[in-house]
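First comes the structure, then the notes that go with it.
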Amino acid sequence: MDTRINFAGIKMKNPVTVASGTFGYGREYSNFFDLSKLGGIITKGTSIKPKSGNKPPRVCETPSGMLNSIGLQNPGVEYFAENDLPFLRKFDTAIIVNACGSTIEDYIEVCKILDTLPIDGVELNLSCPNVKAGCMAFGSSYEGVKEVTSKVRKVLNKPLIVKLTPNVSNIGEIAKGAEDGGADGVSLINTLLGMKIDIEKRRPVLANNTGGLSGPAIRPVAVRMVYEVAQAVNIPILGMGGIVNGEDAIEFLLAGASAISIGAGNFQDPYTSINTINEIEQYMKKHNIENINDIVGQVTMN
Amino acid sequence: MPEVVKAKLVEKEYLKPDIVRFKVEAKEMVRNSKPGNFIEIRVSETTVPFLRRPISIYNLNKNEGTLEFIFQIKGEGTRLLSKKEEGDLIDIIGPLGMGTFKINNYEKIAIVGGGIGVFPLYELAKEAKEAERKVNIYLGFRSKDFVVLENKFKEVSDKLVITTDDGSYGKKGFAINKLEEDLENNKIDCIYACGPLPMLRAVKKLTIEKNIPCQISLEERMGCGIGVCLGCAVKTARSTNENPEYWHVCKGGPVFQAKDVDI
């Protein structure tokens with residue numbers, strides 16, 4: 001049985017990664033299990049300069065999920081390179097850095113630095129719904145995605161994955177923008193924009209009013225979008241959105257994802273990613289699947 | 001170092017119709033816990049409710065390897081948790097929070113608590129008393145019906161003052177006001193507080209005016225509870241509009257020096 005994959009030029013021992021913003025830079029979860037068991041780690045969104053993030057409250061519970069408006073709080077790429085990357089590199093797993101910015105120049109600058117670091121790839125965050133500038137603004141049109149992707153491509157030799165927002169009307173077209181801009185892969189979905197109102201205060205719970213919805217609540221939307229993108233592009237897909245176990249992960253693989261990420265599921269149970277790896281193997285055994293790559297995109301539509 | 005355990009519920013007691021005390025077996029966790037630490041509890045086998053519930057540690061029984069926590073049944077999560085029975089296993093992450101109550105070399109301490117914020121103060125008072133410090137405790141409740149743990153706190157204090165907002169039990173008024181009166185004639189080396197935000201703000205103001213060290217335990221909505229999601233932000237005192245700065249209750253806290261945070 002072979003669970004190894006080559007995702008967009010990044011070699012992984014299995015298709016299970018942990019999603020940006022749900023795993024920090026790995027330290028906290030290393031208390032619970034050996035990070036080398038993971039296919040890969042996508043770091044917290046990292047920008048050229050440190051970012052302080054949004055006012056609290058930043059998170060709230062919703063049915064089968066949660067809203068967040070963290071606002072990309074991070075210590076900046078230089079701090080990351082010096083303090084967090086050496087720790088992450090101790091583990092035998094792919095390290096993919098999620099890069100964010102407010103302007104195209106920000107994206108270019110942070111990727112120039114990332115290109116010099118011992119990392120396996122970059123996930124370009126064109127999809128955060130919680131910051132005023134950049135991100136989702138670029139990620140909401142074919143032209144915007146293509147422009148940022150192609151400009152970053154010029155400075156980045158490492159594998160480039162573009163993370164897409166689901167808050168668009170045609171996700172396939174957006175993914176095509178990434179492919180045409182020179183991306184090696186796409187990842188989706190980022191969170192769906194949502195809002196929760198405190199009916200006693202008659203105000204939104206989040207200080208930022210709106211936030212990104214994640215967790216099992218968004219899974220069917222994510223599976224549908226992964227399928228649509230798989231029909232639209234020829235580059236591999238890192239699928240995510242509410243995966244909490246092996247069955248969920250298999251759904252994404254069948255829909256067309258070559259690899260998957262566990263996001264908010266890490267919060268419910270720190271072992272979600274490890275359990276998912278084991279459950280994928282059990283599914284392979286049960287269905288006599290020799291190679292995990294054999295089931296990617298194998299859904300038959302009605 | 002936090003760990004994930006399936007801890008056996010060995011004792012369950014209703015202190016009030018909506019306030020429950022649980023005692024669980026968690027030997028290693030108890031050994032590593034300090035006053036002020038909290039735990040994160042998975043209340044559902046399914047994904048509803050989705051997030052764990054952060055609950056502060058009330059009492060550590062180091063000899064028997066058990067820890068106790070008390071929670072108010074407020075929403076779906078705590079309602080589900082309250083359905084657990086003795087013998088059931090509870091999925092707990094802990095101990096959490098690097099910011100804990102520090103007794104240091106303070107000889108005379110005062111502890112101020114309000115409402116359900118009194119629970120994390122018990123272990124602190126107990127350890128201070130064991131370390132032979134002088135412990136004055138001021139606990140405020142809305143009314144007589146809300147007063148809890150009076151006898152437990154009496155055991156671990158040199159002086160215990162109970163106040164109620166409406167005067168239906170103990171002294172009428174706020175706990176902080178009784179502390180303030182006592183400060184006129186007594187030197188206190190450090191003040192510890194946990195409770196509603198207006199109370200914490202008043203304690204912070206008082207201790208800055210009187211130049212007394214003050215440690216407060218904060219609450220904020222949490223996502224992960226272990227320091228990765230950066231959800232439970234609290235503004236630092238040195239934060240400015242131009243250069244905002246946040247710490248996180250789950251990791252840097254839940255206990256902070258009152259002067260260091262903007263509450």
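Naming works like this for the structure tokens: A, B, ... for the chains as they're shown, residue 1 at the start of each chain, ligands 1 onward in shown order.
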
Run DSSP on the backbone and grab whatever in segment 97-245 of chain A lands in alpha helix (DSSP H); send it over as a PyMOL selection string. chain A and resi 104-114+136-139+142-155+171-180+219-232

Give me, as number ranges by chain, the residues of chain B touching chain A, with the criterion being at most 9 Å (counting only C-alpha atoms). B: 1-4, 42, 46-52, 220-235, 243-246

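Among the candidates B:Thr163, B:Gly170, B:Glu184, B:Gly36, the residue lying nearest to Gly99 of chain B is B:Gly36 (atoms considered: only C-alpha atoms).
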
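For the pair atom CA of Gly45 of chain A and atom CA of Leu85 of chain A, the separation is 13.5 Å.
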
Contacts between segment 5-15 of chain A and segment 256-292 of chain A, please, where a residue of segment 256-292 of chain A counts if it comes within 12 Å (with only C-alpha atoms); show its shortest atom pair and distance in Å to one decimal, rows by chain and ascending number, as a tab-separated table.
```
residue	atom	partner	partner_atom	distance
A:Ala257	CA	A:Pro15	CA	9.4
A:Ser258	CA	A:Phe7	CA	6.9
A:Ala259	CA	A:Pro15	CA	4.3
A:Ile260	CA	A:Pro15	CA	6.0
A:Ser261	CA	A:Pro15	CA	8.3
A:Ile262	CA	A:Pro15	CA	10.7
A:Ser273	CA	A:Pro15	CA	10.5
A:Ile274	CA	A:Asn14	CA	10.7
A:Thr276	CA	A:Pro15	CA	10.0
A:Ile277	CA	A:Asn14	CA	7.4
A:Asn278	CA	A:Asn14	CA	10.3
A:Glu279	CA	A:Asn14	CA	11.9
A:Ile280	CA	A:Pro15	CA	9.3
A:Glu281	CA	A:Asn14	CA	9.7
A:Asn291	CA	A:Ile5	CA	9.1
A:Ile292	CA	A:Ile5	CA	7.7
```

Residue subset to file, keeping N, CA and C atoms, as a compact mmCIF listing (two decimals), in the first residue's frame:
```txt
# COMPACT_ATOMS: atom_id res chain seq x y z
N ALA A 257 -9.25 16.17 -5.31
CA ALA A 257 -8.10 16.69 -4.58
C ALA A 257 -7.00 15.63 -4.52
N SER A 258 -5.75 16.05 -4.73
CA SER A 258 -4.62 15.11 -4.63
C SER A 258 -4.13 15.00 -3.20
N ALA A 259 -4.37 16.06 -2.43
CA ALA A 259 -3.99 16.08 -1.02
C ALA A 259 -5.07 16.85 -0.28
N ILE A 260 -5.06 16.73 1.04
CA ILE A 260 -6.08 17.42 1.82
C ILE A 260 -5.46 18.11 3.04
N SER A 261 -6.21 19.04 3.59
CA SER A 261 -5.78 19.70 4.83
C SER A 261 -6.84 19.55 5.89
N ILE A 262 -6.36 19.35 7.12
CA ILE A 262 -7.24 19.39 8.29
C ILE A 262 -7.12 20.79 8.87
N SER A 273 -5.67 14.91 12.57
CA SER A 273 -4.86 14.65 11.37
C SER A 273 -4.28 13.24 11.40
N ILE A 274 -3.79 12.82 12.57
CA ILE A 274 -3.20 11.49 12.71
C ILE A 274 -4.26 10.41 12.49
N THR A 276 -6.94 10.72 10.78
CA THR A 276 -7.33 10.77 9.37
C THR A 276 -6.36 9.94 8.51
N ILE A 277 -5.07 10.06 8.80
CA ILE A 277 -4.08 9.27 8.07
C ILE A 277 -4.38 7.77 8.23
N ASN A 278 -4.62 7.36 9.47
CA ASN A 278 -4.90 5.95 9.73
C ASN A 278 -6.18 5.49 9.04
N GLU A 279 -7.18 6.35 9.07
CA GLU A 279 -8.47 5.96 8.49
C GLU A 279 -8.41 5.90 6.95
N ILE A 280 -7.58 6.72 6.36
CA ILE A 280 -7.39 6.64 4.90
C ILE A 280 -6.76 5.27 4.56
N GLU A 281 -5.79 4.87 5.37
CA GLU A 281 -5.14 3.57 5.13
C GLU A 281 -6.13 2.42 5.29
N ASN A 291 -2.49 2.22 -4.48
CA ASN A 291 -1.84 3.52 -4.49
C ASN A 291 -2.88 4.63 -4.30
N ILE A 292 -2.62 5.49 -3.35
CA ILE A 292 -3.61 6.53 -3.01
C ILE A 292 -3.94 7.41 -4.22
```

Tell me, as JSON, numbers by chain, which residues lie within 6 Å of segment 111-128 of chain B, counting only C-alpha atoms; anything in the same chain fewer than 4 positions away does not count. {"B": [35, 36, 56, 57, 58, 59, 133, 137, 138, 139, 140, 141, 156, 191, 192, 193, 194, 195]}

10 Å contact set for Ile237 of chain A, only C-alpha atoms, chain neighbours under 6 positions out, as a ChimeraX atom specification: /A:7-8,161-163,175,184-188,226-227,229-230,252-253,255-260,296

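Pairwise distance (atom CA of Ala94 of chain A, atom CA of Pro95 of chain B) equals 29.8 Å.
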
So, counting only C-alpha atoms, which residue among A:Pro50, A:Gly40, A:Gly194, A:Gly139 is closest to Ile95 of chain A? A:Gly40

Taking the backbone alone, and naming residues the way the document does, which bits of segment 38-188 of chain B are strand (DSSP E) by DSSP, as a PyMOL selection string? chain B and resi 38-42+53-61+66-72+89-96+108-114+134-141+159-164+171-172

Expected file: the selected residues, C-alpha atoms, as a PDB file, in the first residue's frame:
```
ATOM      1  CA  PHE B  38      -7.502  25.779  32.801  1.00  0.00           C
ATOM      2  CA  ILE B  39      -8.559  22.738  30.808  1.00  0.00           C
ATOM      3  CA  GLU B  40     -10.368  22.278  27.485  1.00  0.00           C
ATOM      4  CA  ILE B  41     -13.176  19.763  27.411  1.00  0.00           C
ATOM      5  CA  ARG B  42     -14.674  18.065  24.397  1.00  0.00           C
ATOM      6  CA  ARG B  53     -15.139  24.327  26.323  1.00  0.00           C
ATOM      7  CA  PRO B  54     -12.444  26.089  28.359  1.00  0.00           C
ATOM      8  CA  ILE B  55     -13.032  25.665  32.086  1.00  0.00           C
ATOM      9  CA  SER B  56     -10.747  26.751  34.915  1.00  0.00           C
ATOM     10  CA  ILE B  57      -9.373  24.334  37.471  1.00  0.00           C
ATOM     11  CA  TYR B  58     -10.988  24.745  40.868  1.00  0.00           C
ATOM     12  CA  ASN B  59      -9.067  22.283  43.019  1.00  0.00           C
ATOM     13  CA  LEU B  60      -6.070  19.987  42.627  1.00  0.00           C
ATOM     14  CA  ASN B  61      -5.841  16.925  44.842  1.00  0.00           C
ATOM     15  CA  THR B  66      -7.673  14.162  40.836  1.00  0.00           C
ATOM     16  CA  LEU B  67      -8.677  17.574  39.694  1.00  0.00           C
ATOM     17  CA  GLU B  68     -11.939  19.390  40.190  1.00  0.00           C
ATOM     18  CA  PHE B  69     -13.673  21.970  38.066  1.00  0.00           C
ATOM     19  CA  ILE B  70     -16.953  23.775  38.455  1.00  0.00           C
ATOM     20  CA  PHE B  71     -19.079  25.068  35.609  1.00  0.00           C
ATOM     21  CA  GLN B  72     -22.338  26.844  35.082  1.00  0.00           C
ATOM     22  CA  LEU B  89     -14.767   9.298  30.597  1.00  0.00           C
ATOM     23  CA  ILE B  90     -14.261  12.946  29.715  1.00  0.00           C
ATOM     24  CA  ASP B  91     -11.910  14.077  26.917  1.00  0.00           C
ATOM     25  CA  ILE B  92      -9.745  16.799  28.450  1.00  0.00           C
ATOM     26  CA  ILE B  93      -6.720  18.781  27.266  1.00  0.00           C
ATOM     27  CA  GLY B  94      -4.666  20.313  30.029  1.00  0.00           C
ATOM     28  CA  PRO B  95      -3.158  21.890  31.913  1.00  0.00           C
ATOM     29  CA  LEU B  96      -3.429  24.988  29.713  1.00  0.00           C
ATOM     30  CA  LYS B 108      -0.079  38.949  52.947  1.00  0.00           C
ATOM     31  CA  ILE B 109      -2.361  38.506  49.994  1.00  0.00           C
ATOM     32  CA  ALA B 110      -5.917  39.490  49.152  1.00  0.00           C
ATOM     33  CA  ILE B 111      -8.141  37.533  46.777  1.00  0.00           C
ATOM     34  CA  VAL B 112     -11.160  39.112  45.109  1.00  0.00           C
ATOM     35  CA  GLY B 113     -13.734  37.087  43.224  1.00  0.00           C
ATOM     36  CA  GLY B 114     -17.112  37.706  41.678  1.00  0.00           C
ATOM     37  CA  LYS B 134      -1.925  35.433  55.317  1.00  0.00           C
ATOM     38  CA  VAL B 135      -4.922  35.171  53.012  1.00  0.00           C
ATOM     39  CA  ASN B 136      -7.858  37.595  52.986  1.00  0.00           C
ATOM     40  CA  ILE B 137     -10.675  36.703  50.622  1.00  0.00           C
ATOM     41  CA  TYR B 138     -13.483  38.930  49.315  1.00  0.00           C
ATOM     42  CA  LEU B 139     -16.193  37.242  47.280  1.00  0.00           C
ATOM     43  CA  GLY B 140     -19.103  39.059  45.699  1.00  0.00           C
ATOM     44  CA  PHE B 141     -22.373  37.532  44.459  1.00  0.00           C
ATOM     45  CA  LYS B 159     -10.493  36.394  56.724  1.00  0.00           C
ATOM     46  CA  LEU B 160     -13.447  35.820  54.420  1.00  0.00           C
ATOM     47  CA  VAL B 161     -15.855  38.577  53.423  1.00  0.00           C
ATOM     48  CA  ILE B 162     -18.940  37.703  51.416  1.00  0.00           C
ATOM     49  CA  THR B 163     -20.885  40.496  49.759  1.00  0.00           C
ATOM     50  CA  THR B 164     -24.116  40.552  47.778  1.00  0.00           C
ATOM     51  CA  LYS B 171     -22.376  42.596  53.472  1.00  0.00           C
ATOM     52  CA  LYS B 172     -24.215  44.755  50.962  1.00  0.00           C
TER      53      LYS B 172
END
```

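Residues within 7 Å of Ser36 of chain A, counting only C-alpha atoms and excluding same-chain residues fewer than 2 positions away, are Asp34, Leu38, Phe91, Asp92 and Thr93 of chain A.
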
Could you turn the residues from that selection into a file that holds N, CA and C atoms, as a PDB file, in the first residue's frame?
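Final output, saved to part_14.pdb:
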```pdb
ATOM      1  N   ASP A  34       4.113  13.269  16.996  1.00  0.00           N
ATOM      2  CA  ASP A  34       5.303  13.494  16.187  1.00  0.00           C
ATOM      3  C   ASP A  34       4.880  14.098  14.845  1.00  0.00           C
ATOM      4  N   LEU A  38       2.963  13.638   9.601  1.00  0.00           N
ATOM      5  CA  LEU A  38       2.120  14.380   8.662  1.00  0.00           C
ATOM      6  C   LEU A  38       2.730  14.412   7.265  1.00  0.00           C
ATOM      7  N   PHE A  91      11.509  18.231  11.735  1.00  0.00           N
ATOM      8  CA  PHE A  91      10.593  17.127  11.456  1.00  0.00           C
ATOM      9  C   PHE A  91      10.654  16.740   9.984  1.00  0.00           C
ATOM     10  N   ASP A  92      10.450  15.450   9.747  1.00  0.00           N
ATOM     11  CA  ASP A  92      10.502  14.929   8.392  1.00  0.00           C
ATOM     12  C   ASP A  92       9.114  15.062   7.753  1.00  0.00           C
ATOM     13  N   THR A  93       8.781  16.283   7.396  1.00  0.00           N
ATOM     14  CA  THR A  93       7.478  16.555   6.780  1.00  0.00           C
ATOM     15  C   THR A  93       7.633  17.781   5.884  1.00  0.00           C
TER      16      THR A  93
END
```

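Counting from atom CA of Ile41 of chain A, the distance to atom CA of Glu123 of chain A is 10.8 Å.
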
Name all residues at most 7 Å from Gly121 of chain A (count only C-alpha atoms; drop same-chain ones fewer than 2 positions away) and give them as a PyMOL selection string. chain A and resi 95-97+119+123+158-160
